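Participant: As input, take entry.cif (mmCIF, N, CA and C atoms):
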```
data_start
#
loop_
_atom_site.label_atom_id
_atom_site.label_comp_id
_atom_site.auth_asym_id
_atom_site.auth_seq_id
_atom_site.Cartn_x
_atom_site.Cartn_y
_atom_site.Cartn_z
N MET A 1 0.81 -1.18 0.00
CA MET A 1 0.00 0.00 0.00
C MET A 1 0.87 1.27 0.00
N ILE A 2 1.98 1.22 0.76
CA ILE A 2 2.88 2.36 0.82
C ILE A 2 3.53 2.57 -0.56
N VAL A 3 3.84 1.49 -1.27
CA VAL A 3 4.43 1.58 -2.59
C VAL A 3 3.46 2.27 -3.55
N PHE A 4 2.17 1.94 -3.44
CA PHE A 4 1.15 2.54 -4.29
C PHE A 4 1.10 4.06 -4.09
N PHE A 5 1.09 4.52 -2.82
CA PHE A 5 1.07 5.96 -2.54
C PHE A 5 2.36 6.65 -3.03
N PHE A 6 3.47 5.99 -2.87
CA PHE A 6 4.73 6.54 -3.35
C PHE A 6 4.71 6.71 -4.87
N LEU A 7 4.20 5.72 -5.59
CA LEU A 7 4.10 5.80 -7.05
C LEU A 7 3.12 6.89 -7.48
N MET A 8 2.01 7.07 -6.77
CA MET A 8 1.03 8.10 -7.08
C MET A 8 1.65 9.50 -6.89
N ILE A 9 2.39 9.69 -5.81
CA ILE A 9 3.04 10.98 -5.55
C ILE A 9 4.09 11.25 -6.64
N ALA A 10 4.87 10.24 -7.01
CA ALA A 10 5.88 10.39 -8.06
C ALA A 10 5.21 10.73 -9.39
N LEU A 11 4.07 10.10 -9.68
CA LEU A 11 3.35 10.36 -10.92
C LEU A 11 2.83 11.80 -10.95
N VAL A 12 2.30 12.29 -9.83
CA VAL A 12 1.81 13.66 -9.76
C VAL A 12 2.95 14.65 -9.96
N VAL A 13 4.10 14.38 -9.37
CA VAL A 13 5.26 15.26 -9.50
C VAL A 13 5.73 15.30 -10.96
N VAL A 14 5.79 14.15 -11.60
CA VAL A 14 6.24 14.09 -13.00
C VAL A 14 5.25 14.82 -13.90
N VAL A 15 3.95 14.63 -13.72
CA VAL A 15 2.94 15.30 -14.54
C VAL A 15 3.02 16.81 -14.33
N ALA A 16 3.21 17.24 -13.10
CA ALA A 16 3.32 18.67 -12.82
C ALA A 16 4.57 19.27 -13.48
N ALA A 17 5.67 18.55 -13.44
CA ALA A 17 6.91 19.04 -14.06
C ALA A 17 6.75 19.14 -15.57
N VAL A 18 6.15 18.15 -16.18
CA VAL A 18 5.95 18.17 -17.63
C VAL A 18 4.99 19.30 -18.01
N THR A 19 3.94 19.49 -17.24
CA THR A 19 2.98 20.57 -17.51
C THR A 19 3.66 21.93 -17.43
N LEU A 20 4.48 22.16 -16.43
CA LEU A 20 5.20 23.42 -16.30
C LEU A 20 6.19 23.62 -17.45
N ALA A 21 6.83 22.54 -17.88
CA ALA A 21 7.78 22.64 -18.98
C ALA A 21 7.07 22.98 -20.29
N VAL A 22 5.88 22.40 -20.51
CA VAL A 22 5.14 22.65 -21.74
C VAL A 22 4.56 24.06 -21.75
N ILE A 23 4.00 24.47 -20.65
CA ILE A 23 3.39 25.80 -20.56
C ILE A 23 4.48 26.87 -20.58
N GLY A 24 5.59 26.59 -20.02
CA GLY A 24 6.69 27.55 -19.99
C GLY A 24 6.61 28.45 -18.78
N GLY A 25 7.50 29.41 -18.75
CA GLY A 25 7.58 30.31 -17.60
C GLY A 25 6.74 31.55 -17.79
N GLY A 26 5.53 31.42 -18.24
CA GLY A 26 4.68 32.58 -18.41
C GLY A 26 4.95 33.26 -19.74
N SER A 27 5.45 34.50 -19.69
CA SER A 27 5.68 35.25 -20.92
C SER A 27 7.01 34.89 -21.58
N GLU A 28 7.87 34.19 -20.88
CA GLU A 28 9.16 33.80 -21.45
C GLU A 28 8.98 32.59 -22.38
N ALA A 29 9.60 32.64 -23.51
CA ALA A 29 9.53 31.51 -24.43
C ALA A 29 10.50 30.42 -23.99
N VAL A 30 10.07 29.19 -24.14
CA VAL A 30 10.92 28.06 -23.76
C VAL A 30 12.07 27.92 -24.74
N LEU A 31 11.77 28.05 -26.01
CA LEU A 31 12.79 27.92 -27.05
C LEU A 31 12.99 29.26 -27.75
N PRO A 32 14.21 29.53 -28.18
CA PRO A 32 14.43 30.77 -28.92
C PRO A 32 13.77 30.68 -30.29
N GLU A 33 13.55 31.84 -30.91
CA GLU A 33 12.96 31.87 -32.25
C GLU A 33 13.89 31.15 -33.23
N ALA A 34 13.30 30.39 -34.12
CA ALA A 34 14.09 29.67 -35.12
C ALA A 34 14.54 30.63 -36.20
N GLU A 35 15.74 30.40 -36.71
CA GLU A 35 16.26 31.21 -37.81
C GLU A 35 15.52 30.82 -39.08
N PRO A 36 15.44 31.73 -40.03
CA PRO A 36 14.75 31.39 -41.28
C PRO A 36 15.41 30.19 -41.96
N ASP A 37 14.60 29.43 -42.68
CA ASP A 37 15.10 28.23 -43.33
C ASP A 37 16.05 28.56 -44.47
N ARG A 38 15.83 29.68 -45.14
CA ARG A 38 16.69 30.09 -46.25
C ARG A 38 17.45 31.35 -45.87
N VAL A 39 18.71 31.36 -46.15
CA VAL A 39 19.52 32.54 -45.92
C VAL A 39 19.60 33.30 -47.24
N ALA A 40 19.34 34.60 -47.19
CA ALA A 40 19.42 35.39 -48.41
C ALA A 40 20.85 35.38 -48.92
N ASP A 41 21.02 35.15 -50.23
CA ASP A 41 22.39 35.11 -50.73
C ASP A 41 23.00 36.50 -50.61
N SER A 42 24.27 36.52 -50.33
CA SER A 42 24.95 37.77 -50.05
C SER A 42 25.57 38.40 -51.29
N LEU A 43 25.18 37.92 -52.47
CA LEU A 43 25.70 38.51 -53.70
C LEU A 43 25.02 39.85 -53.92
N PRO A 44 25.77 40.86 -54.33
CA PRO A 44 25.18 42.20 -54.51
C PRO A 44 24.21 42.24 -55.69
N GLU A 45 23.13 42.98 -55.51
CA GLU A 45 22.13 43.11 -56.57
C GLU A 45 22.38 44.35 -57.42
N THR A 46 23.12 45.33 -56.88
CA THR A 46 23.25 46.62 -57.55
C THR A 46 24.53 46.76 -58.36
N ARG A 47 25.41 45.78 -58.32
CA ARG A 47 26.67 45.86 -59.06
C ARG A 47 27.08 44.45 -59.48
N PRO A 48 28.00 44.35 -60.42
CA PRO A 48 28.45 43.01 -60.83
C PRO A 48 29.19 42.30 -59.69
N VAL A 49 29.14 41.00 -59.73
CA VAL A 49 29.82 40.19 -58.72
C VAL A 49 31.32 40.25 -58.97
N VAL A 50 32.09 40.43 -57.90
CA VAL A 50 33.55 40.43 -58.00
C VAL A 50 34.10 39.24 -57.22
N ARG A 51 35.38 39.00 -57.38
CA ARG A 51 36.02 37.84 -56.76
C ARG A 51 35.82 37.82 -55.24
N ALA A 52 35.89 38.97 -54.60
CA ALA A 52 35.73 39.03 -53.14
C ALA A 52 34.33 38.57 -52.71
N ASP A 53 33.33 38.85 -53.55
CA ASP A 53 31.96 38.40 -53.23
C ASP A 53 31.88 36.88 -53.24
N ILE A 54 32.54 36.26 -54.21
CA ILE A 54 32.53 34.80 -54.30
C ILE A 54 33.31 34.20 -53.13
N ASP A 55 34.45 34.81 -52.77
CA ASP A 55 35.24 34.31 -51.65
C ASP A 55 34.47 34.39 -50.34
N ALA A 56 33.63 35.41 -50.19
CA ALA A 56 32.89 35.60 -48.95
C ALA A 56 31.58 34.81 -48.91
N LEU A 57 31.16 34.26 -50.04
CA LEU A 57 29.89 33.55 -50.12
C LEU A 57 29.96 32.24 -49.34
N ARG A 58 29.03 32.03 -48.45
CA ARG A 58 28.92 30.78 -47.70
C ARG A 58 27.49 30.28 -47.82
N LEU A 59 27.33 29.12 -48.44
CA LEU A 59 26.00 28.55 -48.61
C LEU A 59 25.65 27.73 -47.38
N PRO A 60 24.39 27.79 -46.93
CA PRO A 60 24.00 27.04 -45.73
C PRO A 60 24.00 25.54 -46.01
N VAL A 61 24.36 24.79 -45.00
CA VAL A 61 24.43 23.34 -45.12
C VAL A 61 23.13 22.74 -44.61
N ALA A 62 22.57 21.80 -45.34
CA ALA A 62 21.37 21.07 -44.95
C ALA A 62 21.80 19.72 -44.36
N PRO A 63 20.87 19.00 -43.76
CA PRO A 63 21.23 17.71 -43.17
C PRO A 63 21.92 16.74 -44.13
N ARG A 64 21.60 16.81 -45.42
CA ARG A 64 22.21 15.89 -46.39
C ARG A 64 23.14 16.61 -47.34
N GLY A 65 23.74 17.72 -46.93
CA GLY A 65 24.65 18.47 -47.78
C GLY A 65 24.15 19.89 -47.96
N TYR A 66 24.37 20.45 -49.14
CA TYR A 66 23.91 21.81 -49.43
C TYR A 66 22.49 21.77 -49.96
N ARG A 67 21.78 22.86 -49.78
CA ARG A 67 20.43 22.96 -50.32
C ARG A 67 20.54 23.17 -51.83
N MET A 68 20.03 22.23 -52.58
CA MET A 68 20.20 22.25 -54.03
C MET A 68 19.60 23.50 -54.66
N ALA A 69 18.47 23.95 -54.17
CA ALA A 69 17.82 25.13 -54.75
C ALA A 69 18.70 26.37 -54.59
N GLU A 70 19.31 26.53 -53.43
CA GLU A 70 20.16 27.70 -53.20
C GLU A 70 21.42 27.64 -54.05
N VAL A 71 22.02 26.47 -54.16
CA VAL A 71 23.22 26.32 -54.98
C VAL A 71 22.86 26.60 -56.44
N ASP A 72 21.72 26.08 -56.90
CA ASP A 72 21.29 26.33 -58.27
C ASP A 72 21.06 27.81 -58.53
N ASP A 73 20.45 28.52 -57.55
CA ASP A 73 20.22 29.96 -57.71
C ASP A 73 21.53 30.72 -57.86
N VAL A 74 22.49 30.40 -57.02
CA VAL A 74 23.78 31.09 -57.06
C VAL A 74 24.50 30.79 -58.37
N LEU A 75 24.51 29.53 -58.79
CA LEU A 75 25.17 29.16 -60.04
C LEU A 75 24.50 29.81 -61.25
N GLU A 76 23.17 29.91 -61.22
CA GLU A 76 22.46 30.58 -62.31
C GLU A 76 22.86 32.04 -62.39
N ARG A 77 22.93 32.68 -61.24
CA ARG A 77 23.30 34.10 -61.20
C ARG A 77 24.72 34.30 -61.72
N LEU A 78 25.64 33.47 -61.28
CA LEU A 78 27.02 33.59 -61.73
C LEU A 78 27.14 33.30 -63.23
N ALA A 79 26.42 32.31 -63.72
CA ALA A 79 26.46 31.99 -65.15
C ALA A 79 25.93 33.15 -65.97
N ALA A 80 24.86 33.79 -65.52
CA ALA A 80 24.31 34.93 -66.25
C ALA A 80 25.30 36.09 -66.27
N GLU A 81 25.94 36.35 -65.14
CA GLU A 81 26.91 37.45 -65.11
C GLU A 81 28.14 37.14 -65.96
N LEU A 82 28.59 35.89 -65.96
CA LEU A 82 29.73 35.53 -66.81
C LEU A 82 29.37 35.64 -68.29
N ALA A 83 28.16 35.23 -68.66
CA ALA A 83 27.72 35.36 -70.05
C ALA A 83 27.66 36.84 -70.45
N GLU A 84 27.18 37.68 -69.54
CA GLU A 84 27.12 39.11 -69.81
C GLU A 84 28.53 39.69 -69.99
N ARG A 85 29.45 39.27 -69.15
CA ARG A 85 30.83 39.76 -69.28
C ARG A 85 31.48 39.26 -70.56
N ASP A 86 31.24 37.99 -70.92
CA ASP A 86 31.80 37.47 -72.16
C ASP A 86 31.29 38.25 -73.37
N ALA A 87 30.00 38.58 -73.35
CA ALA A 87 29.43 39.36 -74.45
C ALA A 87 30.06 40.75 -74.49
N ARG A 88 30.26 41.35 -73.35
CA ARG A 88 30.87 42.68 -73.30
C ARG A 88 32.33 42.63 -73.77
N ILE A 89 33.06 41.60 -73.37
CA ILE A 89 34.45 41.44 -73.82
C ILE A 89 34.50 41.26 -75.34
N ALA A 90 33.59 40.45 -75.88
CA ALA A 90 33.55 40.26 -77.34
C ALA A 90 33.22 41.56 -78.05
N GLN A 91 32.29 42.34 -77.48
CA GLN A 91 31.92 43.62 -78.06
C GLN A 91 33.12 44.58 -78.05
N LEU A 92 33.82 44.65 -76.94
CA LEU A 92 34.98 45.55 -76.85
C LEU A 92 36.12 45.08 -77.74
N THR A 93 36.31 43.79 -77.85
CA THR A 93 37.36 43.24 -78.72
C THR A 93 37.06 43.56 -80.17
N ALA A 94 35.79 43.42 -80.55
CA ALA A 94 35.41 43.73 -81.93
C ALA A 94 35.58 45.21 -82.22
N ALA A 95 35.29 46.04 -81.25
CA ALA A 95 35.43 47.49 -81.44
C ALA A 95 36.90 47.89 -81.51
N ALA A 96 37.76 47.18 -80.80
CA ALA A 96 39.18 47.52 -80.78
C ALA A 96 39.94 46.87 -81.92
N ALA A 97 39.35 45.94 -82.63
CA ALA A 97 40.05 45.21 -83.70
C ALA A 97 40.56 46.14 -84.80
N PRO A 98 39.76 47.09 -85.32
CA PRO A 98 40.31 47.97 -86.36
C PRO A 98 41.46 48.82 -85.84
N ALA A 99 41.42 49.23 -84.61
CA ALA A 99 42.48 50.06 -84.05
C ALA A 99 43.75 49.26 -83.80
N ALA A 100 43.61 47.95 -83.70
CA ALA A 100 44.76 47.11 -83.40
C ALA A 100 45.35 46.48 -84.66
N ALA A 101 45.05 47.04 -85.83
CA ALA A 101 45.60 46.50 -87.08
C ALA A 101 47.11 46.56 -87.04
N PRO A 102 47.79 45.59 -87.66
CA PRO A 102 49.25 45.58 -87.62
C PRO A 102 49.82 46.88 -88.16
N SER A 103 50.80 47.36 -87.49
CA SER A 103 51.43 48.63 -87.88
C SER A 103 52.71 48.35 -88.64
N ASP A 104 53.07 49.27 -89.52
CA ASP A 104 54.33 49.13 -90.25
C ASP A 104 55.45 49.86 -89.54
N ALA A 105 55.22 50.26 -88.30
CA ALA A 105 56.24 50.99 -87.55
C ALA A 105 57.40 50.07 -87.23
N PRO A 106 58.62 50.60 -87.19
CA PRO A 106 59.77 49.76 -86.84
C PRO A 106 59.65 49.27 -85.40
N GLY A 107 60.09 48.06 -85.17
CA GLY A 107 60.05 47.47 -83.83
C GLY A 107 58.72 46.80 -83.52
N HIS A 108 57.79 46.79 -84.49
CA HIS A 108 56.50 46.15 -84.27
C HIS A 108 56.67 44.63 -84.32
N VAL A 109 56.07 43.94 -83.37
CA VAL A 109 56.15 42.49 -83.32
C VAL A 109 54.80 41.92 -83.71
N ASP A 110 54.80 41.07 -84.73
CA ASP A 110 53.56 40.41 -85.16
C ASP A 110 53.38 39.17 -84.30
N LEU A 111 52.26 39.10 -83.59
CA LEU A 111 52.05 37.99 -82.67
C LEU A 111 51.36 36.80 -83.33
N THR A 112 51.07 36.88 -84.61
CA THR A 112 50.47 35.75 -85.29
C THR A 112 51.56 34.70 -85.53
N LYS A 113 51.13 33.50 -85.85
CA LYS A 113 52.06 32.40 -86.03
C LYS A 113 53.06 32.73 -87.14
N GLY A 114 54.32 32.58 -86.84
CA GLY A 114 55.35 32.83 -87.81
C GLY A 114 55.75 34.28 -87.92
N GLY A 115 55.15 35.15 -87.10
CA GLY A 115 55.44 36.57 -87.18
C GLY A 115 56.82 36.87 -86.59
N GLU A 116 57.50 37.79 -87.19
CA GLU A 116 58.83 38.18 -86.71
C GLU A 116 58.86 39.68 -86.53
N GLU A 117 59.88 40.16 -85.84
CA GLU A 117 60.06 41.60 -85.65
C GLU A 117 60.43 42.22 -86.97
N ARG A 118 59.83 43.37 -87.27
CA ARG A 118 60.10 44.04 -88.53
C ARG A 118 61.18 45.08 -88.37
#
```
Rewrite the structure of this file - the entire thing - as structure tokens.
Facilitator:
Amino acid sequence: MIVFFFLMIALVVVVAAVTLAVIGGGSEAVLPEAEPDRVADSLPETRPVVRADIDALRLPVAPRGYRMAEVDDVLERLAAELAERDARIAQLTAAAAPAAAPSDAPGHVDLTKGGEER
């Protein structure tokens, strides 16, 4: 009979402790606020991406590796910027081509295959 009362008192204490833990300490939260599931990428929106931006980029890790959607977004952005830069380089190269015609000036070195100093 004494064992029964002891078990009943222990059960009441455990239920009370669990109830207090679930309800919390009144206005205080039991757990801190969770961080957002997605971290905004830190690549600049107002200027082209530079090497330092890529070096500083840290993608969040998921339980099974990196979040594929975030990695895809970053790679898409970088691919678009690289394509834009390649187009700009081609445009500038084409514009500079007439100005870079071989000169007949002495000391000019022809960089094409078989070219020699004139």
Participant: Rank A:Leu20, A:Val14, A:Val49, A:Val3 by their smallest atom-to-atom distance to A:Glu81, using all atoms listed in the file, and report the top residue only.
Facilitator: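 Using all atoms listed in the file, A:Glu81 sits closest to A:Val49.
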Participant: Kindly give the distance, in Å, that separates atom CA of A:Leu82 and atom N of A:Ala94, rounded to a single decimal.
Facilitator: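 These atoms are spaced 17.0 Å apart.
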Participant: Have a look at atom CA of A:Glu45 and atom CA of A:Arg64 and let me know their distance in Å, one decimal.
Facilitator: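 Separation of atom CA of A:Glu45 and atom CA of A:Arg64: 29.1 Å.
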Participant: May I ask for the distance between atom CA of A:Leu78 and atom CA of A:Val50, given in Å to one decimal place?
Facilitator: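 Pair atom CA of A:Leu78 / atom CA of A:Val50 returns 10.2 Å.
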Participant: Take every atom of stretch 39-57 of chain A listed in the file, pad by 5 Å on each side, and give me the axis-aligned box centre and edge lengths in Å, one decimal, as AutoDock Vina command-line options.
Facilitator:
```
--center_x 27.4 --center_y 39.1 --center_z -53.4 --size_x 27.3 --size_y 25.4 --size_z 24.9
```
